[in-house]
file final-v2.txt (compact mmCIF, C-alpha atoms)
# COMPACT_ATOMS: atom_id res chain seq x y z
CA MET A 2 215.08 57.30 191.98
CA LEU A 3 212.06 55.14 191.27
CA ALA A 4 211.83 53.62 187.80
CA GLY A 5 208.59 52.74 186.06
CA THR A 6 206.27 53.18 183.11
CA VAL A 7 203.60 55.87 182.71
CA THR A 8 200.26 54.13 182.23
CA ARG A 9 197.95 57.15 182.45
CA VAL A 10 198.15 60.93 182.23
CA LYS A 11 195.41 62.38 184.42
CA ASP A 12 196.03 66.03 183.57
CA GLY A 13 198.89 68.37 182.80
CA ASP A 14 200.71 67.83 186.09
CA SER A 15 199.69 64.43 187.43
CA LEU A 16 200.12 60.90 186.13
CA ILE A 17 200.07 57.22 187.09
CA VAL A 18 203.35 55.29 187.09
CA ARG A 19 203.60 51.50 187.27
CA LEU A 20 206.78 50.82 189.20
CA ALA A 21 209.33 48.47 187.70
CA GLY A 22 209.54 45.04 189.29
CA ALA A 23 206.30 45.51 191.19
CA PRO A 24 203.29 43.88 189.47
CA GLY A 25 200.26 45.99 190.26
CA GLY A 26 202.44 48.50 192.12
CA SER A 27 201.28 51.80 190.63
CA ILE A 28 201.56 55.23 192.19
CA GLU A 29 200.10 58.63 191.39
CA VAL A 30 202.72 61.31 190.90
CA ARG A 31 202.04 65.04 191.11
CA LEU A 32 204.80 66.95 189.32
CA TYR A 33 206.76 69.05 191.79
CA GLY A 34 207.24 72.81 191.42
CA ILE A 35 204.77 73.42 188.60
CA ASP A 36 201.06 74.08 188.17
CA THR A 37 199.32 73.57 184.83
CA PRO A 38 196.02 75.19 183.84
CA GLU A 39 192.85 73.47 184.99
CA ARG A 40 190.80 71.74 182.31
CA ALA A 41 188.30 74.60 182.37
CA GLN A 42 191.12 77.07 181.71
CA ALA A 43 192.74 77.98 178.42
CA GLY A 44 195.79 75.74 178.02
CA GLY A 45 194.62 72.91 180.28
CA ASP A 46 193.98 70.40 177.50
CA GLU A 47 197.19 71.42 175.72
CA ALA A 48 199.23 70.71 178.85
CA ARG A 49 197.68 67.26 179.22
CA ARG A 50 198.31 66.42 175.55
CA PHE A 51 201.92 67.62 175.86
CA LEU A 52 202.44 65.23 178.76
CA GLN A 53 200.71 62.37 176.95
CA ARG A 54 202.90 62.75 173.86
CA ARG A 55 206.04 62.71 175.98
CA LEU A 56 205.27 60.12 178.61
CA LEU A 57 202.35 57.80 177.93
CA ASN A 58 203.61 54.20 177.87
CA ARG A 59 207.18 55.47 178.25
CA ARG A 60 209.74 54.53 180.88
CA VAL A 61 210.56 57.28 183.36
CA GLU A 62 212.42 57.88 186.60
CA VAL A 63 210.79 59.66 189.53
CA GLU A 64 212.73 61.61 192.13
CA PRO A 65 210.50 61.77 195.23
CA VAL A 66 210.23 65.12 197.01
CA THR A 67 207.36 64.69 199.47
CA GLN A 68 203.79 63.44 199.75
CA ASP A 69 200.65 65.59 199.66
CA SER A 70 197.40 65.41 201.61
CA TYR A 71 195.87 63.26 198.87
CA GLU A 72 198.63 60.64 199.40
CA ARG A 73 200.12 61.40 196.00
CA MET A 74 203.87 61.36 195.61
CA ILE A 75 205.18 64.81 194.74
CA GLY A 76 208.23 64.38 192.55
CA ILE A 77 210.42 65.32 189.65
CA VAL A 78 209.89 63.07 186.63
CA TYR A 79 212.74 62.40 184.23
CA ARG A 80 212.63 60.92 180.76
CA ASP A 81 216.01 60.12 179.22
CA GLY A 82 217.65 62.11 182.03
CA ALA A 83 215.75 65.35 181.33
CA SER A 84 213.24 66.90 183.75
CA VAL A 85 209.70 66.76 182.39
CA ASN A 86 208.64 69.30 185.04
CA ALA A 87 211.03 71.87 183.58
CA ALA A 88 210.08 70.94 180.01
CA LEU A 89 206.42 71.79 180.69
CA VAL A 90 207.35 75.23 181.99
CA GLU A 91 209.84 75.89 179.20
CA ALA A 92 207.24 74.96 176.56
CA GLY A 93 204.75 77.37 178.09
CA HIS A 94 202.33 74.74 179.41
CA ALA A 95 202.86 75.34 183.14
CA TRP A 96 203.46 78.02 185.73
CA ALA A 97 206.28 77.84 188.25
CA TYR A 98 204.48 76.98 191.50
CA ARG A 99 206.04 79.74 193.58
CA ARG A 100 204.82 78.69 197.04
CA TYR A 101 206.77 75.40 196.88
CA LEU A 102 209.99 76.41 195.13
CA ALA A 103 211.95 76.80 198.37
CA GLU A 104 211.67 73.06 199.05
CA VAL A 105 214.27 71.85 196.54
CA PRO A 106 217.63 73.56 195.88
CA GLY A 107 217.73 75.17 192.44
CA ALA A 108 213.97 74.91 191.84
CA ASP A 109 213.73 78.68 191.54
CA ALA A 110 215.22 78.24 188.05
CA LEU A 111 211.65 77.45 187.01
CA CYS A 112 210.94 81.18 187.36
CA ARG A 113 213.48 81.87 184.61
CA LEU A 114 212.02 79.19 182.35
CA GLU A 115 208.52 80.58 182.87
CA ASP A 116 209.67 84.10 182.03
CA GLY A 117 211.40 82.85 178.87
CA ALA A 118 208.25 81.09 177.69
CA ARG A 119 206.17 84.17 178.42
CA GLN A 120 208.51 86.46 176.52
CA ALA A 121 208.48 84.07 173.55
CA ARG A 122 204.67 83.67 173.74
CA ARG A 123 204.84 79.90 173.86
CA GLY A 124 201.97 77.67 174.94
CA LEU A 125 199.48 79.36 177.26
CA TRP A 126 201.37 82.64 176.88
CA ALA A 127 200.24 82.83 173.24
CA GLN A 128 196.79 83.71 174.61
CA PRO A 129 195.86 87.35 175.36
CA PRO A 130 197.43 88.60 178.61
CA SER A 131 193.96 89.08 180.06
CA THR A 132 193.68 85.27 180.25
CA TRP A 133 196.94 84.79 182.17
CA MET A 134 195.61 83.51 185.47
CA PRO A 135 197.63 81.05 187.57
CA PRO A 136 195.78 77.79 188.24
CA TRP A 137 196.04 78.34 192.02
CA THR A 138 194.14 81.64 191.65
CA PHE A 139 191.60 80.01 189.33
CA ARG A 140 190.92 77.35 191.95
CA GLN A 141 190.53 79.99 194.66
CA LEU A 142 187.99 81.84 192.53
CA GLN A 143 186.09 78.61 191.92
CA ARG A 144 185.88 77.97 195.65
CA ALA A 145 185.14 81.55 196.69
CA GLY A 146 182.58 82.33 193.99
CA ALA A 147 182.60 85.08 191.42
CA GLY A 148 183.17 88.52 192.86
CA GLU A 149 184.26 87.30 196.30
CA LEU A 150 188.00 87.24 195.59
CA LEU A 151 189.91 89.96 193.79
CA ALA A 152 192.37 88.23 191.49
CA ARG A 153 195.82 89.73 191.06
CA ASP A 154 196.76 90.97 187.60
CA TYR A 155 199.53 88.69 186.28
CA SER A 156 199.70 90.25 182.81
CA ARG A 157 202.95 92.05 183.69
CA GLU A 158 204.54 89.31 185.76
CA THR A 159 208.33 89.02 185.51
CA GLU A 160 210.99 86.58 186.66
CA ALA A 161 211.75 88.93 189.55
CA ASP A 162 208.09 88.85 190.63
CA CYS A 163 208.14 85.06 190.54
CA LEU A 164 211.29 84.89 192.67
CA ALA A 165 209.88 87.42 195.13
CA ALA A 166 206.80 85.25 195.64
CA ILE A 167 208.82 82.27 196.89
CA PRO A 168 208.19 81.94 200.65
CA ARG A 169 211.13 82.89 202.83
CA GLY A 170 209.91 81.25 206.00
CA ARG A 171 211.56 77.99 204.99
CA PRO A 172 215.31 78.28 204.35
CA ARG A 173 216.26 78.14 200.68
CA GLY A 174 218.47 75.18 199.93
CA LYS A 175 216.97 73.01 202.68
CA GLN A 176 216.79 69.40 201.59
CA PRO A 177 213.29 68.15 200.81
CA SER A 178 211.33 65.98 203.17
CA ILE A 179 211.20 62.65 201.39
CA ALA A 180 208.16 60.45 201.83
CA PRO A 181 208.87 56.72 201.80
CA ALA A 182 208.06 54.98 198.55
CA PRO A 183 204.79 53.04 198.64
CA ALA A 184 205.07 49.50 199.96
CA ALA A 185 203.83 48.12 196.65
CA GLY A 186 206.95 49.44 194.99
CA ASN A 187 209.31 47.86 197.53
CA CYS A 188 211.72 50.74 196.83
CA ASN A 189 211.67 52.20 200.32
CA ILE A 190 215.24 51.52 201.44
CA LYS A 191 217.20 54.75 201.89
CA GLY A 192 220.77 54.85 200.63
CA ASN A 193 222.42 57.68 202.58
CA ILE A 194 225.99 59.05 202.42
CA ASN A 195 227.23 60.39 205.76
CA GLY A 196 229.68 63.21 206.43
CA ARG A 197 232.67 60.83 206.15
CA GLY A 198 231.51 59.57 202.78
CA ASP A 199 230.32 56.20 204.10
CA ARG A 200 227.49 54.68 202.07
CA ILE A 201 224.88 53.37 204.50
CA TYR A 202 221.39 52.10 203.81
CA HIS A 203 218.45 52.34 206.19
CA VAL A 204 215.50 49.96 206.19
CA PRO A 205 211.96 50.83 207.40
CA GLY A 206 211.71 50.47 211.15
CA GLY A 207 215.39 51.23 211.67
CA ARG A 208 216.45 53.63 214.40
CA SER A 209 217.45 56.44 212.01
CA TYR A 210 215.12 55.64 209.11
CA ASP A 211 212.51 58.36 209.70
CA ASP A 212 215.17 61.04 210.32
CA THR A 213 217.14 60.23 207.18
CA GLY A 214 216.54 62.35 204.08
CA ILE A 215 217.66 61.44 200.59
CA ASN A 216 219.47 63.94 198.36
CA THR A 217 219.86 62.31 194.95
CA ARG A 218 221.94 65.24 193.74
CA ALA A 219 224.60 64.22 196.26
CA GLY A 220 224.62 60.63 195.03
CA GLU A 221 222.16 59.26 197.55
CA ARG A 222 219.41 56.96 196.31
CA TRP A 223 216.52 54.61 196.99
CA PHE A 224 216.85 50.83 196.78
CA CYS A 225 214.23 48.16 196.22
CA SER A 226 216.02 45.44 198.19
CA GLU A 227 218.93 44.99 200.57
CA ASP A 228 220.68 42.81 197.99
CA GLU A 229 220.52 45.70 195.52
CA ALA A 230 221.92 48.11 198.11
CA ARG A 231 224.82 45.82 199.04
CA ALA A 232 225.62 45.15 195.39
CA ALA A 233 225.87 48.89 194.83
CA GLY A 234 228.38 49.27 197.67
CA TRP A 235 226.16 50.36 200.56
CA ARG A 236 226.26 48.73 204.00
CA ARG A 237 223.36 48.34 206.40
CA ALA A 238 222.99 50.87 209.22
CA ARG A 239 223.57 49.61 212.73
CA GLN A 240 220.18 49.22 214.40
call {"tool": "encode", "arguments": {"input": "final-v2.txt", "output": "structure tokens"}}
result
Amino acid sequence: MLAGTVTRVKDGDSLIVRLAGAPGGSIEVRLYGIDTPERAQAGGDEARRFLQRRLLNRRVEVEPVTQDSYERMIGIVYRDGASVNAALVEAGHAWAYRRYLAEVPGADALCRLEDGARQARRGLWAQPPSTWMPPWTFRQLQRAGAGELLARDYSRETEADCLAAIPRGRPRGKQPSIAPAPAAGNCNIKGNINGRGDRIYHVPGGRSYDDTGINTRAGERWFCSEDEARAAGWRRARQ
């Protein structure tokens, strides 16, 4: 986990976090597994305000998942131990981002939260069903031009439809590919637990560093220094 303070909310699913103990070390985080309406869509401003009320100038923890082509960290953001990603979906301010839900075990639960918000007509679902367009489709239409792309009708979408849209090419339950934390944060030491239960940390440049993934659900974690790792009971990997 990376700890820090939210200094800016860019939109409903991306924010800037200043990492703890790293003056000037800020990162942009794109919330994993969700997609909020674009600003030109109904619900876009509401999603951004929801995130601002919850997170602006608040301390959070970020669980890294991967890194996108814009060099943003894709992650799960927690405030007081609760997932903000899930809270956005549950409140009706975000869609479950189906195409990526196979990357993290249990992420398909976002389909259930989305369906619950839709049934209760919370957030964006309070609008007429004719306006229910996923942000990814809205962006496609913007790029393709009006009339060049036939948008799917999502007005009767169900939890089962959401689950069926999750790609099967990548095995469900596979651990995410974790991108190293930015150098400015100095939290790029990987605390891994091997099959025998040994707690071993890997530093950048080490023989097994690039091949080591971090599963925080299994007790693995990131460290900001070797002293921190040793104090927590981890030993350095043999190089």
call {"tool": "atom_distance", "arguments": {"input": "final-v2.txt", "atom1": "atom CA of A:Gln53", "atom2": "atom CA of A:Ser15"}}
result
10.7 Å
call {"tool": "atom_distance", "arguments": {"input": "final-v2.txt", "atom1": "atom CA of A:Ile190", "atom2": "atom CA of A:Ser226"}}
result
6.9 Å
call {"tool": "closest_residue", "arguments": {"input": "final-v2.txt", "among": "A:Leu57, A:Leu20, A:Ala87, A:Ala103", "to": "A:Leu3", "atoms": "all atoms listed in the file"}}
result
A:Leu20
call {"tool": "closest_residue", "arguments": {"input": "final-v2.txt", "among": "A:Gly34, A:Pro205, A:Val78, A:Trp235", "to": "A:Pro106", "atoms": "only C-alpha atoms"}}
result
A:Gly34
call {"tool": "closest_residue", "arguments": {"input": "final-v2.txt", "among": "A:Pro136, A:Glu91, A:Asp228, A:Gly107", "to": "A:Ala121", "atoms": "all atoms listed in the file"}}
result
A:Glu91
call {"tool": "atom_distance", "arguments": {"input": "final-v2.txt", "atom1": "atom CA of A:Ala88", "atom2": "atom CA of A:Leu142"}}
result
27.6 Å
call {"tool": "residues_around", "arguments": {"input": "final-v2.txt", "residues": "stretch 37-52 of chain A", "least_positions_apart": "2", "cutoff": "6 Å", "atoms": "all atoms listed in the file", "output": "list in words"}}
result
Asp12, Gly13, Arg54, Arg55, Leu56, His94, Ala95, Leu125 and Pro136 of chain A
call {"tool": "closest_residue", "arguments": {"input": "final-v2.txt", "among": "A:Arg100, A:Asp14, A:Leu89, A:Glu72", "to": "A:Arg169", "atoms": "all atoms listed in the file"}}
result
A:Arg100
call {"tool": "residues_around", "arguments": {"input": "final-v2.txt", "residues": "A:Ala4", "least_positions_apart": "2", "cutoff": "6 Å", "atoms": "all atoms listed in the file", "output": "ChimeraX atom specification"}}
result
/A:20-21,61-62
call {"tool": "closest_residue", "arguments": {"input": "final-v2.txt", "among": "A:Val63, A:Ala230, A:Ile77, A:Cys112", "to": "A:Thr159", "atoms": "all atoms listed in the file"}}
result
A:Cys112
call {"tool": "closest_residue", "arguments": {"input": "final-v2.txt", "among": "A:Arg231, A:Arg157, A:Arg197, A:Arg119", "to": "A:Ser131", "atoms": "all atoms listed in the file"}}
result
A:Arg157
